[in-house]
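Following: one structure in C-alpha coordinates, then a few remarks.
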Amino acid sequence: MNPLPVKFRIIQAIYQNKQLSNIEILEILKKEYPFDRSIRANTLEQNLLSLKVVGIIEQKSATVDLDDELIIYYRITDYGVSRMKYIK
(Lines give C-alpha, C1' and ligand atoms only; values in the text may rest on other atoms or scores of the structure.)
Protein backbone atom coordinates (compact mmCIF):
# COMPACT_ATOMS: atom_id res chain seq x y z
CA MET A 1 0.00 0.00 0.00
CA ASN A 2 1.32 3.41 -0.96
CA PRO A 3 1.75 5.92 1.90
CA LEU A 4 1.15 8.96 -0.34
CA PRO A 5 -2.27 10.54 -0.73
CA VAL A 6 -3.74 9.66 -4.12
CA LYS A 7 -3.40 13.17 -5.61
CA PHE A 8 0.26 13.31 -4.63
CA ARG A 9 0.84 9.88 -6.19
CA ILE A 10 -0.79 11.05 -9.43
CA ILE A 11 1.60 14.01 -9.60
CA GLN A 12 4.57 11.79 -8.75
CA ALA A 13 3.65 9.21 -11.40
CA ILE A 14 3.32 11.83 -14.12
CA TYR A 15 6.62 13.42 -13.03
CA GLN A 16 8.46 10.09 -13.07
CA ASN A 17 7.15 9.12 -16.52
CA LYS A 18 7.29 12.54 -18.23
CA GLN A 19 3.82 11.88 -19.69
CA LEU A 20 0.99 9.50 -18.80
CA SER A 21 -2.54 8.91 -20.02
CA ASN A 22 -5.58 8.81 -17.81
CA ILE A 23 -5.82 5.05 -18.50
CA GLU A 24 -2.19 4.45 -17.47
CA ILE A 25 -2.63 6.49 -14.29
CA LEU A 26 -5.76 4.54 -13.37
CA GLU A 27 -3.89 1.24 -13.82
CA ILE A 28 -1.05 2.45 -11.58
CA LEU A 29 -3.44 3.58 -8.87
CA LYS A 30 -5.46 0.36 -8.93
CA LYS A 31 -2.25 -1.66 -8.39
CA GLU A 32 -0.88 0.60 -5.64
CA TYR A 33 -4.15 1.26 -3.80
CA PRO A 34 -5.97 -2.08 -4.13
CA PHE A 35 -8.29 -1.51 -1.18
CA ASP A 36 -9.21 2.10 -1.95
CA ARG A 37 -12.73 2.05 -3.32
CA SER A 38 -12.44 5.64 -4.53
CA ILE A 39 -10.02 4.62 -7.30
CA ARG A 40 -12.39 4.86 -10.27
CA ALA A 41 -12.26 6.56 -13.66
CA ASN A 42 -14.65 9.37 -12.73
CA THR A 43 -12.83 10.15 -9.48
CA LEU A 44 -9.51 10.15 -11.32
CA GLU A 45 -10.88 12.59 -13.88
CA GLN A 46 -11.92 14.92 -11.04
CA ASN A 47 -8.46 14.69 -9.48
CA LEU A 48 -6.75 15.34 -12.82
CA LEU A 49 -9.02 18.31 -13.50
CA SER A 50 -8.26 19.84 -10.09
CA LEU A 51 -4.50 19.40 -10.64
CA LYS A 52 -4.85 20.94 -14.08
CA VAL A 53 -6.81 23.94 -12.77
CA VAL A 54 -4.12 24.84 -10.23
CA GLY A 55 -1.37 24.49 -12.85
CA ILE A 56 0.42 21.37 -11.57
CA ILE A 57 -0.24 19.34 -14.74
CA GLU A 58 -1.34 20.11 -18.27
CA GLN A 59 -2.96 18.21 -21.07
CA LYS A 60 -0.40 17.20 -23.67
CA SER A 61 -2.62 15.46 -26.21
CA ALA A 62 -5.82 13.48 -26.60
CA THR A 63 -6.96 10.61 -28.76
CA VAL A 64 -9.77 8.08 -29.01
CA ASP A 65 -9.04 4.37 -28.81
CA LEU A 66 -10.70 1.58 -30.78
CA ASP A 67 -13.50 1.36 -28.19
CA ASP A 68 -14.27 5.09 -28.61
CA GLU A 69 -12.81 5.80 -25.17
CA LEU A 70 -11.15 9.18 -24.75
CA ILE A 71 -7.50 8.94 -23.79
CA ILE A 72 -5.91 12.13 -22.50
CA TYR A 73 -2.17 12.43 -21.97
CA TYR A 74 -0.88 14.65 -19.19
CA ARG A 75 2.52 16.07 -18.36
CA ILE A 76 3.76 18.00 -15.37
CA THR A 77 4.24 21.75 -15.75
CA ASP A 78 7.29 23.74 -14.67
CA TYR A 79 5.25 24.91 -11.68
CA GLY A 80 4.47 21.27 -10.86
CA VAL A 81 8.16 20.36 -11.08
CA SER A 82 8.96 23.18 -8.66
CA ARG A 83 6.48 21.66 -6.18
CA MET A 84 7.96 18.15 -6.35
CA LYS A 85 10.29 18.99 -3.45
CA TYR A 86 7.23 18.74 -1.20
CA ILE A 87 6.18 15.34 -2.51
CA LYS A 88 9.40 13.33 -2.74
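Ordering of the C-alpha coordinates sets the chain letters (A, B, ...), residue numbers begin anew at 1 in every chain, and ligands are numbered from 1 in the order given.
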Please tabulate, as a tab-separated table, the residues of range 47-82 of chain A that come within 10 Å of range 1-23 of chain A, each with its closest pair of atoms and the distance in Å to one decimal, counting only C-alpha atoms and ordering rows by chain, then residue number upward.
```
residue	atom	partner	partner_atom	distance
A:Asn47	CA	A:Lys7	CA	6.5
A:Leu48	CA	A:Ile10	CA	8.1
A:Ser50	CA	A:Lys7	CA	9.4
A:Leu51	CA	A:Lys7	CA	8.1
A:Ile56	CA	A:Ile11	CA	7.7
A:Ile57	CA	A:Ile11	CA	7.6
A:Glu58	CA	A:Gln19	CA	9.8
A:Gln59	CA	A:Ser21	CA	9.4
A:Lys60	CA	A:Gln19	CA	7.9
A:Ser61	CA	A:Ser21	CA	9.0
A:Ala62	CA	A:Ser21	CA	8.7
A:Thr63	CA	A:Ser21	CA	9.9
A:Glu69	CA	A:Ile23	CA	9.7
A:Leu70	CA	A:Asn22	CA	8.9
A:Ile71	CA	A:Ser21	CA	6.2
A:Ile72	CA	A:Ser21	CA	5.3
A:Tyr73	CA	A:Ser21	CA	4.0
A:Tyr74	CA	A:Gln19	CA	5.5
A:Arg75	CA	A:Gln19	CA	4.6
A:Ile76	CA	A:Tyr15	CA	5.9
A:Thr77	CA	A:Tyr15	CA	9.1
A:Gly80	CA	A:Ile11	CA	7.9
A:Val81	CA	A:Tyr15	CA	7.4
```
- Taking the DSSP assignment computed from this structure's backbone, write out as a PyMOL selection string all residues of chain A that belong to helix (DSSP H, G or I). chain A and resi 6-17+22-32+41-53+78-86
- Task: Rounded to one decimal place, report the CA of Arg40 in chain A-CA of Ile25 in chain A distance in Å.
- Result: 10.7 Å
